[in-house]
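The file work-v4.cif comes next; it holds mmCIF, C-alpha atoms.
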data_final
#
loop_
_atom_site.label_atom_id
_atom_site.label_comp_id
_atom_site.auth_asym_id
_atom_site.auth_seq_id
_atom_site.Cartn_x
_atom_site.Cartn_y
_atom_site.Cartn_z
CA MET A 8 -11.48 -35.37 -37.98
CA ILE A 9 -12.44 -34.55 -34.41
CA VAL A 10 -11.08 -31.37 -32.84
CA LEU A 11 -10.53 -31.56 -29.07
CA ASN A 12 -10.01 -28.26 -27.24
CA GLY A 13 -8.96 -26.55 -30.44
CA GLU A 14 -6.46 -29.18 -31.55
CA ARG A 15 -6.68 -32.05 -34.01
CA SER A 16 -7.07 -35.30 -32.15
CA ASP A 17 -6.97 -39.00 -32.95
CA VAL A 18 -10.33 -39.55 -31.22
CA GLU A 19 -12.40 -41.74 -33.51
CA VAL A 20 -15.83 -40.91 -34.86
CA GLY A 21 -18.47 -42.64 -32.76
CA THR A 22 -16.54 -42.28 -29.50
CA THR A 23 -18.82 -41.23 -26.66
CA VAL A 24 -18.21 -38.15 -24.52
CA ALA A 25 -17.52 -40.52 -21.62
CA GLY A 26 -14.93 -42.23 -23.83
CA VAL A 27 -13.22 -38.92 -24.60
CA LEU A 28 -13.04 -38.07 -20.90
CA ALA A 29 -11.65 -41.50 -20.06
CA GLY A 30 -9.02 -40.96 -22.75
CA LEU A 31 -8.05 -37.73 -20.97
CA GLY A 32 -7.57 -39.66 -17.74
CA LEU A 33 -10.70 -38.33 -16.08
CA ALA A 34 -13.00 -40.34 -13.83
CA PRO A 35 -16.58 -40.91 -15.09
CA ASP A 36 -17.89 -38.72 -12.25
CA GLU A 37 -15.06 -36.17 -12.41
CA ARG A 38 -15.96 -33.02 -10.47
CA GLY A 39 -15.67 -29.60 -12.02
CA VAL A 40 -15.69 -30.72 -15.66
CA ALA A 41 -18.10 -29.78 -18.43
CA VAL A 42 -18.29 -30.73 -22.09
CA ALA A 43 -19.67 -29.00 -25.18
CA VAL A 44 -19.86 -30.50 -28.65
CA ASP A 45 -20.36 -28.23 -31.66
CA GLY A 46 -21.43 -25.34 -29.46
CA GLU A 47 -23.94 -27.33 -27.44
CA VAL A 48 -23.51 -28.23 -23.78
CA ILE A 49 -23.75 -31.98 -23.22
CA PRO A 50 -25.27 -32.73 -19.78
CA ARG A 51 -23.63 -35.38 -17.62
CA THR A 52 -26.64 -37.62 -18.10
CA ARG A 53 -25.79 -37.90 -21.80
CA TRP A 54 -22.03 -38.46 -21.50
CA GLU A 55 -22.40 -42.24 -21.81
CA SER A 56 -24.71 -42.12 -24.81
CA PHE A 57 -23.61 -39.10 -26.83
CA ALA A 58 -21.42 -40.28 -29.70
CA LEU A 59 -19.24 -37.88 -31.67
CA GLY A 60 -19.98 -37.32 -35.33
CA ALA A 61 -17.41 -36.63 -38.04
CA ASP A 62 -15.68 -33.24 -37.65
CA ALA A 63 -17.09 -32.78 -34.15
CA ARG A 64 -15.61 -29.90 -32.20
CA VAL A 65 -15.28 -30.89 -28.56
CA GLU A 66 -14.61 -28.50 -25.69
CA VAL A 67 -13.68 -29.97 -22.31
CA LEU A 68 -13.62 -27.25 -19.68
CA THR A 69 -12.66 -27.24 -16.04
CA ALA A 70 -12.23 -24.89 -13.08
CA MET A 71 -9.44 -22.37 -13.19
CA GLN A 72 -8.53 -19.60 -10.79
CA GLY A 73 -10.31 -16.48 -11.91
CA GLY A 74 -11.67 -13.24 -10.51
CA MET B 119 -31.95 0.61 6.40
CA ALA B 120 -32.35 -0.98 9.80
CA VAL B 121 -29.16 -1.89 11.53
CA GLU B 122 -29.68 -2.69 15.17
CA PRO B 123 -26.40 -2.73 17.05
CA GLN B 124 -26.28 -5.44 19.65
CA LEU B 125 -23.53 -4.37 21.94
CA GLY B 126 -23.35 -7.72 23.68
CA THR B 127 -22.27 -9.36 20.44
CA THR B 128 -19.69 -6.78 19.47
CA LEU B 129 -16.85 -9.13 20.24
CA GLY B 130 -18.70 -12.44 20.23
CA GLY B 131 -20.00 -11.86 16.73
CA ARG B 132 -16.46 -11.84 15.43
CA ALA B 133 -15.41 -15.07 17.06
CA ASP B 134 -15.86 -17.06 13.87
CA GLY B 135 -14.12 -14.38 11.88
CA ARG B 136 -17.17 -13.64 9.80
CA ALA B 137 -20.20 -11.76 11.03
CA GLY B 138 -19.74 -8.09 11.67
CA ALA B 139 -21.03 -6.59 14.89
CA GLY B 140 -24.76 -5.94 14.96
CA ASP B 141 -25.23 -6.29 11.23
CA ASP B 142 -28.37 -7.34 9.43
CA PRO B 143 -28.08 -10.36 7.13
CA PHE B 144 -26.92 -10.07 3.52
CA VAL B 145 -29.42 -11.94 1.37
CA VAL B 146 -28.95 -12.76 -2.32
CA ALA B 147 -31.65 -14.69 -4.17
CA GLY B 148 -33.01 -15.94 -0.87
CA ARG B 149 -29.65 -17.15 0.39
CA GLU B 150 -28.45 -15.56 3.61
CA LEU B 151 -24.73 -14.87 3.69
CA ARG B 152 -22.83 -13.93 6.81
CA SER B 153 -19.94 -12.34 4.98
CA ARG B 154 -20.29 -9.21 2.87
CA LEU B 155 -16.98 -9.90 1.16
CA LEU B 156 -16.76 -11.98 -2.02
CA LEU B 157 -13.39 -13.26 -3.11
CA GLY B 158 -12.04 -13.85 -6.60
CA SER B 159 -9.75 -16.87 -6.82
CA GLY B 160 -7.59 -15.38 -9.60
CA GLY B 161 -4.01 -14.27 -9.18
CA PHE B 162 -2.97 -16.26 -6.11
CA ALA B 163 0.56 -17.59 -6.43
CA SER B 164 -0.42 -20.94 -4.94
CA LEU B 165 -3.49 -22.85 -3.85
CA GLU B 166 -2.18 -22.78 -0.27
CA LEU B 167 -2.14 -18.99 -0.37
CA LEU B 168 -5.65 -19.00 -1.81
CA ALA B 169 -6.90 -21.30 0.97
CA ASP B 170 -5.26 -19.22 3.70
CA SER B 171 -6.66 -16.01 2.21
CA VAL B 172 -10.16 -17.52 1.97
CA ARG B 173 -9.98 -18.33 5.67
CA ALA B 174 -8.64 -14.89 6.62
CA SER B 175 -11.27 -13.12 4.52
CA GLY B 176 -14.17 -14.99 6.11
CA CYS B 177 -15.89 -15.02 2.70
CA GLU B 178 -18.46 -17.61 1.71
CA LEU B 179 -18.57 -17.09 -2.06
CA VAL B 180 -15.46 -17.53 -4.21
CA THR B 181 -15.45 -17.04 -7.95
CA VAL B 182 -13.87 -19.51 -10.36
CA ALA B 183 -13.46 -19.40 -14.12
CA LEU B 184 -13.83 -22.14 -16.73
CA ARG B 185 -10.99 -22.90 -19.12
CA ARG B 186 -9.91 -25.73 -21.37
CA LEU B 187 -8.72 -28.77 -19.48
CA GLY B 188 -4.96 -28.79 -19.14
CA SER B 189 -4.48 -25.13 -20.01
CA GLY B 190 -3.63 -24.13 -16.46
CA GLY B 191 -1.02 -26.70 -15.50
CA ALA B 192 -1.40 -30.34 -14.58
CA GLY B 193 -3.64 -31.14 -11.66
CA GLN B 194 -4.60 -27.52 -11.12
CA SER B 195 -8.29 -27.96 -11.72
CA GLY B 196 -9.28 -30.83 -9.48
CA SER B 197 -7.24 -29.49 -6.65
CA LEU B 198 -8.73 -25.99 -7.01
CA VAL B 199 -12.23 -27.34 -6.55
CA ASP B 200 -11.01 -29.58 -3.72
CA VAL B 201 -9.21 -26.73 -1.94
CA LEU B 202 -12.27 -24.49 -2.10
CA ALA B 203 -14.56 -27.32 -0.98
CA ALA B 204 -12.25 -28.00 1.96
CA ALA B 205 -12.41 -24.31 2.88
CA GLY B 206 -16.18 -24.66 3.10
CA VAL B 207 -17.00 -21.95 0.57
CA THR B 208 -19.52 -21.94 -2.25
CA LEU B 209 -18.21 -21.68 -5.81
CA LEU B 210 -19.51 -18.80 -7.88
CA PRO B 211 -18.61 -19.53 -11.51
CA ASN B 212 -17.94 -16.55 -13.74
CA THR B 213 -17.92 -16.03 -17.48
CA ALA B 214 -14.63 -14.13 -17.45
CA GLY B 215 -13.12 -13.63 -20.88
CA CYS B 216 -16.39 -13.93 -22.80
CA HIS B 217 -17.03 -11.19 -25.34
CA THR B 218 -20.46 -12.18 -26.67
CA ALA B 219 -23.79 -13.11 -25.14
CA ARG B 220 -23.56 -16.50 -26.86
CA ASP B 221 -20.17 -17.33 -25.34
CA ALA B 222 -21.26 -16.14 -21.90
CA VAL B 223 -24.48 -18.16 -21.99
CA LEU B 224 -22.66 -21.33 -23.12
CA THR B 225 -19.98 -20.83 -20.47
CA ALA B 226 -22.62 -20.37 -17.77
CA GLN B 227 -24.39 -23.52 -18.93
CA MET B 228 -21.10 -25.43 -18.79
CA ALA B 229 -20.42 -24.06 -15.32
CA ARG B 230 -23.84 -25.32 -14.23
CA GLU B 231 -22.87 -28.79 -15.40
CA ALA B 232 -19.39 -28.64 -13.91
CA PHE B 233 -20.24 -27.23 -10.50
CA ARG B 234 -23.93 -28.10 -10.12
CA THR B 235 -24.92 -24.52 -9.40
CA ASP B 236 -27.29 -22.24 -11.25
CA TRP B 237 -25.58 -19.13 -9.88
CA VAL B 238 -23.35 -17.25 -12.28
CA LYS B 239 -21.32 -14.07 -12.11
CA LEU B 240 -22.01 -12.81 -15.59
CA GLU B 241 -19.20 -10.98 -17.36
CA VAL B 242 -19.38 -9.93 -21.00
CA ILE B 243 -16.31 -7.93 -21.89
CA GLY B 244 -16.48 -5.21 -24.54
CA ASP B 245 -12.95 -3.84 -24.56
CA GLU B 246 -9.60 -5.51 -24.02
CA ASP B 247 -7.78 -2.52 -22.55
CA THR B 248 -10.33 -1.51 -19.94
CA LEU B 249 -12.20 -4.83 -19.62
CA MET B 250 -15.36 -2.76 -19.43
CA PRO B 251 -18.65 -4.61 -19.99
CA ASP B 252 -20.42 -4.64 -23.36
CA ALA B 253 -23.82 -3.30 -22.33
CA PRO B 254 -26.05 -4.66 -25.14
CA GLU B 255 -24.42 -8.11 -25.02
CA LEU B 256 -24.63 -8.11 -21.22
CA LEU B 257 -28.37 -7.39 -21.27
CA ARG B 258 -28.90 -10.06 -23.93
CA ALA B 259 -26.95 -12.66 -21.97
CA ALA B 260 -28.71 -11.80 -18.71
CA GLU B 261 -32.09 -12.16 -20.36
CA GLU B 262 -31.24 -15.57 -21.85
CA LEU B 263 -29.74 -16.91 -18.63
CA LEU B 264 -32.67 -15.71 -16.52
CA ALA B 265 -35.06 -17.43 -18.95
CA ASP B 266 -32.95 -20.57 -18.51
CA GLY B 267 -33.37 -20.47 -14.73
CA PHE B 268 -30.04 -19.00 -13.68
CA VAL B 269 -29.41 -16.77 -10.68
CA VAL B 270 -27.56 -13.98 -12.49
CA LEU B 271 -25.10 -11.59 -10.83
CA PRO B 272 -23.92 -9.29 -13.62
CA TYR B 273 -20.66 -7.35 -13.62
CA THR B 274 -21.70 -3.95 -14.95
CA THR B 275 -20.45 -0.42 -15.43
CA ASP B 276 -21.25 2.22 -12.83
CA ASP B 277 -24.13 3.43 -15.03
CA PRO B 278 -27.30 3.67 -12.91
CA VAL B 279 -29.55 3.18 -15.92
CA LEU B 280 -27.85 -0.03 -17.04
CA ALA B 281 -27.88 -1.31 -13.47
CA ARG B 282 -31.60 -0.66 -13.24
CA ARG B 283 -32.22 -2.40 -16.56
CA LEU B 284 -30.37 -5.47 -15.27
CA ALA B 285 -32.32 -5.44 -12.01
CA ASP B 286 -35.60 -4.99 -13.87
CA LEU B 287 -34.81 -8.06 -15.99
CA GLY B 288 -34.64 -10.08 -12.77
CA CYS B 289 -30.94 -10.24 -11.92
CA ALA B 290 -30.39 -11.26 -8.29
CA ALA B 291 -27.87 -8.46 -7.70
CA VAL B 292 -25.89 -5.91 -9.67
CA MET B 293 -22.10 -5.72 -9.53
CA PRO B 294 -20.92 -2.28 -10.67
CA LEU B 295 -17.23 -1.63 -11.14
CA GLY B 296 -15.45 0.97 -9.06
CA SER B 297 -12.71 1.25 -11.70
CA PRO B 298 -11.24 -1.19 -14.26
CA ILE B 299 -10.59 -4.79 -13.20
CA GLY B 300 -7.21 -5.17 -11.54
CA SER B 301 -6.46 -1.44 -11.74
CA GLY B 302 -6.60 -0.87 -7.97
CA MET B 303 -7.85 2.66 -8.64
CA GLY B 304 -10.68 2.38 -6.16
CA ILE B 305 -14.07 3.97 -6.73
CA ARG B 306 -13.70 6.64 -9.42
CA ASN B 307 -17.31 7.79 -9.29
CA PRO B 308 -18.76 7.37 -5.80
CA TYR B 309 -21.73 9.51 -6.83
CA ASN B 310 -22.79 6.92 -9.44
CA ILE B 311 -22.44 4.08 -6.97
CA SER B 312 -24.77 5.96 -4.59
CA LEU B 313 -27.23 6.51 -7.43
CA ILE B 314 -27.17 2.80 -8.28
CA ARG B 315 -27.86 1.96 -4.64
CA GLU B 316 -30.88 4.26 -4.74
CA SER B 317 -32.19 3.05 -8.09
CA VAL B 318 -32.34 -0.74 -7.58
CA SER B 319 -33.88 -2.87 -4.86
CA VAL B 320 -31.58 -5.88 -5.35
CA PRO B 321 -28.20 -6.08 -3.58
CA VAL B 322 -25.38 -3.93 -4.97
CA VAL B 323 -21.96 -5.59 -4.89
CA LEU B 324 -19.03 -3.31 -5.67
CA ASP B 325 -16.94 -5.29 -8.12
CA ALA B 326 -13.55 -4.44 -9.59
CA GLY B 327 -11.11 -1.65 -8.88
CA ILE B 328 -10.67 -2.17 -5.14
CA GLY B 329 -7.03 -1.47 -4.29
CA THR B 330 -6.87 -1.45 -0.54
CA ALA B 331 -8.96 -1.58 2.61
CA SER B 332 -10.20 2.02 2.51
CA ASP B 333 -11.72 1.43 -0.95
CA ALA B 334 -13.76 -1.45 0.46
CA SER B 335 -14.87 0.68 3.40
CA LEU B 336 -15.93 3.48 1.08
CA ALA B 337 -18.02 1.07 -0.99
CA MET B 338 -19.87 -0.03 2.11
CA GLU B 339 -20.24 3.55 3.38
CA LEU B 340 -21.86 4.44 0.04
CA GLY B 341 -24.49 1.81 0.80
CA CYS B 342 -23.22 -1.16 -1.18
CA ASP B 343 -24.39 -4.46 0.26
CA ALA B 344 -21.11 -6.25 -0.35
CA VAL B 345 -17.69 -5.95 -1.96
CA MET B 346 -15.93 -8.30 -4.32
CA ALA B 347 -12.14 -8.33 -4.24
CA ALA B 348 -9.68 -10.40 -6.24
CA SER B 349 -6.41 -8.79 -7.35
CA ALA B 350 -6.42 -6.41 -4.36
CA ILE B 351 -5.92 -9.47 -2.17
CA SER B 352 -4.22 -12.03 -4.40
CA ARG B 353 -1.59 -9.62 -5.73
CA ALA B 354 -0.89 -7.82 -2.46
CA GLU B 355 2.57 -8.41 -1.02
CA ASP B 356 0.94 -10.32 1.83
CA PRO B 357 -2.40 -11.64 0.53
CA VAL B 358 -3.48 -13.24 3.81
CA ARG B 359 -2.93 -10.02 5.74
CA MET B 360 -4.79 -8.06 3.05
CA ALA B 361 -7.67 -10.57 3.15
CA TRP B 362 -7.92 -9.92 6.87
CA ALA B 363 -7.82 -6.15 6.27
CA MET B 364 -10.60 -6.37 3.66
CA ARG B 365 -12.78 -8.35 6.01
CA ASP B 366 -12.44 -5.71 8.71
CA ALA B 367 -12.80 -2.86 6.20
CA VAL B 368 -16.08 -4.25 4.86
CA SER B 369 -17.30 -4.75 8.40
CA ALA B 370 -16.29 -1.24 9.47
CA GLY B 371 -17.79 0.41 6.39
CA ARG B 372 -21.06 -1.42 6.85
CA LEU B 373 -21.27 -0.39 10.48
CA ALA B 374 -20.47 3.23 9.62
CA TYR B 375 -23.18 3.22 6.94
CA GLY B 376 -25.73 1.94 9.41
CA ALA B 377 -24.53 4.35 12.09
CA GLY B 378 -25.16 7.37 9.88
CA ARG B 379 -22.23 9.68 9.35
CA ILE B 380 -22.22 13.36 10.33
CA PRO B 381 -22.85 15.88 7.55
CA ARG B 382 -19.81 17.49 5.94
CA ARG B 383 -19.32 21.18 6.91
CA THR B 384 -17.01 23.85 5.59
CA TYR B 385 -16.11 25.23 9.01
CA ALA B 386 -15.35 23.70 12.36
CA THR B 387 -18.03 22.82 14.84
CA PRO B 388 -16.65 22.43 18.36
CA SER B 389 -17.38 19.11 19.94
CA THR B 390 -16.97 20.62 23.41
CA SER B 391 -19.52 23.07 24.79
CA HIS B 392 -18.47 26.64 25.60
CA ALA B 393 -20.72 26.65 28.66
CA GLY B 394 -18.73 26.74 31.89
CA LEU B 395 -15.51 27.78 30.17
CA ALA B 396 -13.17 29.31 32.78
CA GLU B 397 -12.33 33.02 32.62
CA PHE B 398 -8.86 33.57 34.07
CA GLY B 399 -8.71 37.38 33.91
CA PRO B 400 -5.71 39.43 32.83
CA PRO B 401 -2.24 38.04 33.41
CA PRO B 402 -0.50 39.35 36.64
CA GLN B 403 1.80 42.39 36.19
CA ALA B 404 5.47 41.52 36.20
#

Show this structure as structure tokens.
Amino acid sequence: MIVLNGERSDVEVGTTVAGVLAGLGLAPDERGVAVAVDGEVIPRTRWESFALGADARVEVLTAMQGG
Amino acid sequence: MAVEPQLGTTLGGRADGRAGAGDDPFVVAGRELRSRLLLGSGGFASLELLADSVRASGCELVTVALRRLGSGGAGQSGSLVDVLAAAGVTLLPNTAGCHTARDAVLTAQMAREAFRTDWVKLEVIGDEDTLMPDAPELLRAAEELLADGFVVLPYTTDDPVLARRLADLGCAAVMPLGSPIGSGMGIRNPYNISLIRESVSVPVVLDAGIGTASDASLAMELGCDAVMAASAISRAEDPVRMAWAMRDAVSAGRLAYGAGRIPRRTYATPSTSHAGLAEFGPPPQA
């Protein structure tokens, strides 16, 4: 089961990073967003091709106000 | 330190609300900045207040943090980046909240993807109560990020030795704290800040602890190259007015540093000569 931002999700194995972002309502070229899978940063250039394996842990981060 | 006052620009230089009178440029990693004030985007009650404060402060670098999508309220993220872009400032991502070198490095790498910048304000926190940096983890993270091509601006303690170690690694600046983040206690050890200024050749940016304008002026008078303020502005009763005050305080402190203050003395030294002092003679008899 894929974990998205620390919570169980119904994202299916094999979904690409781009697919996950689309599912979150984000544009393919969304500004200020970054993705890591299993502790590895996935560059934008691989969002279309990188498919999630079973038990993948996905972090989708974005800009927040912070000192 | 060569500051050449140009009297003709004393007023004109302030027309855009940024450059201080007769100041030399502030250069970090080859980038010339006109403002010596960096602003943290945290703590502002609204994005409008943040935008107005950015404008009043005249700053060019504004820090942002990275958090999980959706954790800060709907629509917050995109509009934060948009608001700062509209204000014409450059984003400086930080690694706030990271407690290990690994987390800080990953966060910096994600920030590079998110904001297309290789600059990072590196924070590795070692204690929850004081938010003081974890020195060994900080050095480790700085080393890894520098090897990965980042321009690293580390938040550090006011320890001159640690600051020098960070500079020797290749950090583009060092950012010593004046006192704990958000405490508003000002600069607790001005002596150490002066020592740091003497011991490194990269810019020194006083980070954390600034409470009001005089703290920012003191930092600059001690020889710091710039001041970073967040809570002092965002949590002031009138953030925009405080942003304006900080801008002027940084400017004034920098000028005073360049002007060279008089030495401190125990006893008075008259500023008016005794020569030519009138002698009125005894008072007339009644």

Just so the selection is clear, what residues does the PyMOL selection byres ((chain A) within 12 of (chain B)) cover here, as a PyMOL selection string?
-> chain A and resi 11-14+28+31-34+36-54+65-74

Where does the PyMOL selection byres ((chain B and resi 270) around 7) land in this file, that is, which residues does it pick, as a ChimeraX atom specification?
-> /B:237-240,260,264,268-269,271-272,289-290

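Once the PyMOL selection byres ((chain A and resi 17) around 12) is applied to the shown structure, the selection contains Met8, Ile9, Val10, Leu11, Glu14, Arg15, Ser16, Val18, Glu19, Val20, Thr22, Val27, Gly30, Ala61, Asp62 and Ala63 of chain A.
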
Point-to-point distance from atom CA of B:Ala285 to atom CA of B:Ser319, Å rounded to tenths = 7.8 Å

Atom pair atom CA of B:Leu313 / atom CA of B:Gly267: separation (Å) =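 These two atoms are separated by 28.6 Å.
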
When you draw a straight line from atom CA of B:Val242 to atom CA of B:Ser175, how long is it in Å?
-> 27.0 Å
